[in-house]
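Single-structure report; data block below.
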Amino acid sequence: MTDVKHHGAHGAQDGDRPAVDLSDPTLTRFEIVREGARRDDIEIVTYESQFPHPGSKQEKRIERAIALLFILAGALAMAFLAVYIFWEWEFELGWTLSDYFTPLLGITLGFSLMCVGFAILAWAKKLLPHEISIQDRHEAMSTDEDRQITGQTMVYTVDELGVQRRPLLKGAVALGLAPLGLVAAAPLVGGLIRNPHKNETPEMYSTGFNPAFNNGQLVRLTREDGTPIRPDDVSVGGQMTVFPGIPHGATNEWADSPTLLIHLRSTDAEAARQANAGDPNEHNQDAMWGNYIAYSKICTHAGCPASLYEQQTNRLLCPCHQSQFLITDNARPIFGPASRRLPQLPITVDDEGFFVASSDYREAIGPDFWERP
Amino acid sequence: MKRRKLDIGALPGATAKQLDDRFQVATPLRRLLNKVFPDHWSFLLGEIALFSFIILLLTGTFLTLFYDPSMREIEYEGSYTALRGVEMSAAYASSLDLSFDVRGGLIMRQMHHWAALLFMASIVVHMARVFFTGAFRKPREANWAIGLILFLLGFLAGFTGYSLPDDGLSGTGLRIASAIMLSIPVVGSWISSSVFGGEFPGHLIIGRFYIAHVLLIPGALLGLISAHLALVFKQKHTQWPGPMRTNSNVVGERMFPRYALKQGGFFMLVFGVVALMAGLFQINPIWLFGPYRAAEVSSASQPDWYVMFMDGLVRLMPAWQIDIPIGDGYVIPPLFWPAVVGLGALTTGPIFYPFIEARRYKDKKSHHLLQRPRDVPERTGVGAMALTFFVVATISGGNDVIADKFHISLNAMTWIGRIGLLVLPPLAYYLAVRICLGLQQHDREVLAHGVETGIIKRLPNGRFVEVHQPLGPVDEHGHPVPLDYAGWVVPKKMNRLGALGPAVRGFFYPIEKPAEAPTSPGMPPVQPREERKELTSGGQQ
Ligand code: HEM
Ligand code: FES
């Protein structure tokens with residue numbers, strides 16, 4: 001150990017070892033490698049076989065194990081191919097052989113790769129000689145002189161261009177290049193930027209229940225398949241998800257329109273009606289029809305459908321971040337991260353006895369944003 | 001002159017000479033091959049990240065051959081019977097095809113997803129090891145910063161990838177992403193409208209996310225990972241303190257042959273584990289979620305684990321809305337704080353930690369020797385604090401599942417999370433610092449007095465004392481001369497000192513003779529007990 005310390009990496013620099021004559025024919029290959037390492041400030045301190053003598057029993061044993069691993073890897077790879085080619089793989093309902101297709105591929109491929117991995121690792125760790133090498137780090141590679149020279153060269157380059165001395169050029173370059181930079185940004189920014197407030201029926205504040213999308217007629221509340229709804233279709237205490245009765249009204253094109261129609265029990269309905277009447281900003285006044293009330297299903301927090309309705313407590317729970325809204329009190333948020341109530345859809349029943357929205361939502365639906373009035 | 005016969009043996013040498021004549025590679029190549037790497041298991045964590053990134057590139061390229069990044073509505077006609085005839089986007093249909101109608105497509109999809117989870121996990125653990133051992137100190141601050149940006153990019157890559165199948169879950173994720181953009185003051189609605197090309201969901205987002213996921217983000221990752229590794233190469237790896245190791249050298253193995261070979265084997269191992277997991281464990285079964293419908297969401301829909309901390313922070317945030325009563329009035333929704341400010345601060349803030357710490361300790365030196373966490377209690381405390389914060393936030397991201405499984409009320413879970421997020425990190429700091437100081441003290445004790453031997457001695461005055469084995473020389477009274485702490489493991493057990501025989505090697509049967517048990521000259525070796533003679537009734541006296 002002490003020996004090592006003296007002739008460690010620093011020894012490489014001390015120049016206390018004789019120079020190696022590479023043309024010397026008696027040099028072994030290892031000696032050449034070691035000389036090469038020395039030229040890169042690496043001292044190979046230990047490089048010794050892990051076995052007492054070449055061809056020892058232990059070495060043979062490890063060799064056999066590694067060979068076995070490689071062969072096993074090959075066999076598993078063949079098994080993978082066999083499964084891939086011959087196994088039933090097309091999906092069928094119920095419990096079939098094809099259910100095992102992917103697991104079998106995984107097992108054969110996984111274990112095959114792992115065999116190769118272990119084989120290589122064993123080769124490196126068990127067969128190759130143990131090595132300890134020490135390399136110098138050379139932290140302060142550049143000398144002060146070098147730093148000075150490089151610094152001066154850079155200043156010199158700038159000097160020669162004479163930007164400082166030629167203010168006209170400085171100004172001209174700026175004037176010429178800045179617009180060019182803007183040209184590069186223009187298509188990106190100009191193409192992507194889109195004004196959210198430009199449509200005549202402003203998209204941030206309107207949904208599919210806006211009569212403007214229905215030739216000025218009131219929009220019916222419909223089921224997902226487009227059929228209209230009569231009051232009798234929702235039993236007391238029941239609820240139904242409804243969509244605007246316009247073409248594609250139930251698709252993602254109208255992702256802001258899904259609405260929850262609830263048939264409240266009469267006591268709850270009375271409470272809800274009173275809360276509506278006392279609504280400070282008057283949006284919810286006269287919004288109910290009978291004991292029916294309709295709220296936007298799009299959570300005011302982050303836009304998930306607030307769809308879990310607890311009948312006993314009249315709470316609507318949003319599954320995404322557990323905001324809770326009190327249905328009988330203007331859907332006021334009572335727990336969780338949502339800070340704004342769910343907008344209420346004013347509803348009534350048309351001449352044919354189907355639910356319609358008496359107007360669009362009177363508040364912006366969905367997640368909150370800066371300029372919401 | 002006679003024409004010489006072609007000498008096969010000299011061919012490689014001759015070719016090499018011709019190449020060097022033209023490209024002058026011999027010297028730089030030798031430098032490259034001659035590089036010493038220190039060895040420690042914790043240095044493999046970064047490699048796992050690298051390997052899983054390679055797997056992501058390979059499997060991802062396969063997926064692009066079948067995936068159709070289009071939001072066109074079509075009717076599904078593939079072999080998954082439960083969804084046949086359902087209207088869905090072409091993107092979702094092609095993802096279903098990848099799972100059911102491309103032979104071996106499912107395992108590729110699952111390998112890609114598992115590799116992504118492994119990628120993020122190994123980055124986080126790698127980051128923790130870099131932090132707790134002080135590997136980020138000068139001159140490696142740049143690599144620390146690159147690493148954090150890699151985490152952020154990985155997060156974005158994961159999120160965009162998760163959105164591509166356009167199933168029920170990913171649509172919900174997109175919806176939340178849009179809400180997060182909307183929450184940004186002043187420009188929020190403009191950003192969301194620009195990114196989605198209109199009101200959510202529009203028709204463009206899948207195509208845009210696709211190009212980001214397969215080109216822009218991987219390109220940036222590739223560039224940064226290359227820079228990261230180039231810096232490791234240039235600055236050389238850090239090492240633990242130990243015999244022969246100093247701040248100005250690297251002790252280990254040269255890159256070739258052994259180190260590189262081990263890396264290759266390790267890559268195969270990681271690859272194999274990912275393949276095995278992909279085969280055996282289902283991940284993101286998109287066919288169960290159905291196409292995205294704005295009105296539908298299943299409860300307990302969880303994002304990937306590395307997004308959960310953000311989801312948790314969003315859940316725990318109280319409903320504090322800021323109203324700005326100017327004109328029609330403006331609002332900053334509560335979502336803005338955890339999702340925009342929080343994510344931004346959590347990923348960029350730590351970039352400055354190396355400079356803050358250097359300033360605090362007035363440390364301008366370069367460090368190449370790692371520190372044991374116990375030796376820098378304050379840093380370890382800060383790390384424990386950050387980890388605790390992350391864990392509480394992540395668990396809160398699944399608090400509805402926990403509430404459901406353990407029958408706790410949801411509201412209680414939220415409050416536990418809120419309080420935990422504030423109380424537990426400082427507690428973790430305090431505990432970590434105390435534990436570090438305790439471990440330090442024990443190290444110093446052993447260095448001063450020696451290892452406990454478990455041998456109790458009775459003194460002439462009747463007192464019992466435990467005999468300690470000194471680690472170094474003793475003075476004339478037989479008391480150990482106190483040793484200096486060297487920043488590395490202090491042996492604390494007798495068999496670490498070689499006082500007991502080493503363990504016998506071999507799994508089912510010993511592959512070598514057990515070493516002779518060491519014997520003390522004062523004591524004869526223990527003899528096996530004589531066989532007892534059977535007592536027989538007959539031969540009695
Ligand atoms: C794409 C993800 C990443 C890959 C592929 C990667 C890969 C690697 C590899 C292979 C090493 C050398 C071995 C090692 O020290 O473990 C390394 C070193 C390093 N990594 Fe990363 N890493 C990633 C992410 C990160 C992150 C998230 C951080 C921290 C915020 C980070 C900070 C560092 C630092 C400071 C070093 C130098 C450590 C030393 O020399 O001891 N890396 N990285
Ligand atoms: S989206 Fe409803 S609580 Fe967050």
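Residues are referred to by chain and number: the chain letter is A, B, ... according to the order shown in the structure tokens, the number counts from 1 in that chain, and ligands are numbered separately from 1 in the order shown.
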
Q: Enumerate residues in contact with ligand 1: an atom-to-atom distance of at most 7 Å, counting only C-alpha atoms and all ligand atoms. Format the result as a PyMOL selection string.
A: chain B and resi 42-47+49-50+53+123-124+126-127+130+135-136+140-141+143-148+150-151+221+225+228-229+232+236-239

Q: Name all residues at most 8 Å from stretch 123-133 of chain A (count only C-alpha atoms; drop same-chain ones fewer than 5 positions away) and give them as a list in words.
A: Ile42, Glu43, Ile44, Val45, Thr46, Tyr47, Glu48, Ser49, Gln50, Glu59, Ile62, Glu63 and Ile66 of chain A; Val36, Val250, Val251, Gly252, Glu253, Arg254, Arg258, Tyr259, Leu261 and Lys262 of chain B

**Q.** Nearest to chain B, chosen from A:Leu261, A:Ala67, A:Ala79, A:Cys304, with only C-alpha atoms counted in the distances
**A.** A:Cys304

Q) Taking only C-alpha atoms and all ligand atoms into account, which of A:Ile293, A:Ile134, A:Ile334, A:Ile71 comes nearest ligand 2? A)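 Distance minimum relative to ligand 2 lands on A:Ile334.
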
Q) Just asking: which residues within stretch 130-288 of chain B are strand (DSSP E or B) according to DSSP, as a PyMOL selection string? A) chain B and resi 167+239+249-254

Q) Mind listing the residues within 6 Å of ligand 2, only C-alpha atoms and all ligand atoms counted, as an NGL selection string? A) :A and (299 or 301-304 or 306 or 318 or 320-323 or 338)

(Q) Neighbouring residues of B:Phe200 were defined as those with any atom within 12 Å, considering only C-alpha atoms; residues of the same chain fewer than 5 positions away were excluded. Please report them as a VMD selection string. (A) (chain A and resid 196 203 to 204 252 to 257 303 366 to 367) or (chain B and resid 171 to 179 181 to 182 189 191 to 195 205 to 206 294)

Q. Contacts of stretch 112-115 of chain A at 9 Å or less, counting only C-alpha atoms, minus same-chain residues fewer than 5 places along, as a PyMOL selection string?
A. (chain A and resi 69-77+80+107+120) or (chain B and resi 265-266+268-273+275)

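Distances to chain A were evaluated for B:Pro350, B:Pro318, B:Gly290, B:Gly397 using only C-alpha atoms, and the minimum falls at B:Pro318.
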
Q: Point out the residue among A:Phe213, A:Phe111, A:Phe354, A:Tyr309 with the least atom-to-atom distance to chain B, counting only C-alpha atoms.
A: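 Among A:Phe213, A:Phe111, A:Phe354, A:Tyr309, it is A:Phe111 that comes nearest to chain B.
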
Q | For B:Phe66, the nearest of the candidates B:Val274, B:Met108, B:Ile322, B:Leu288, counting only C-alpha atoms | A |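 Looking at the shortest contact to B:Phe66, the residue is B:Met108.
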
Q | Within 10 Å of A:Ser266 using only C-alpha atoms, minus same-chain residues under 2 positions, as a ChimeraX atom specification | A | /A:236-237,263-264,268-272,290-292

Q: Report the residues of stretch 106-331 of chain B whose backbone DSSP state falls under helix (DSSP H, G or I), written as a PyMOL selection string.
A: chain B and resi 106-132+141-163+168-182+188-196+205-235+255-280+286-289+305-316
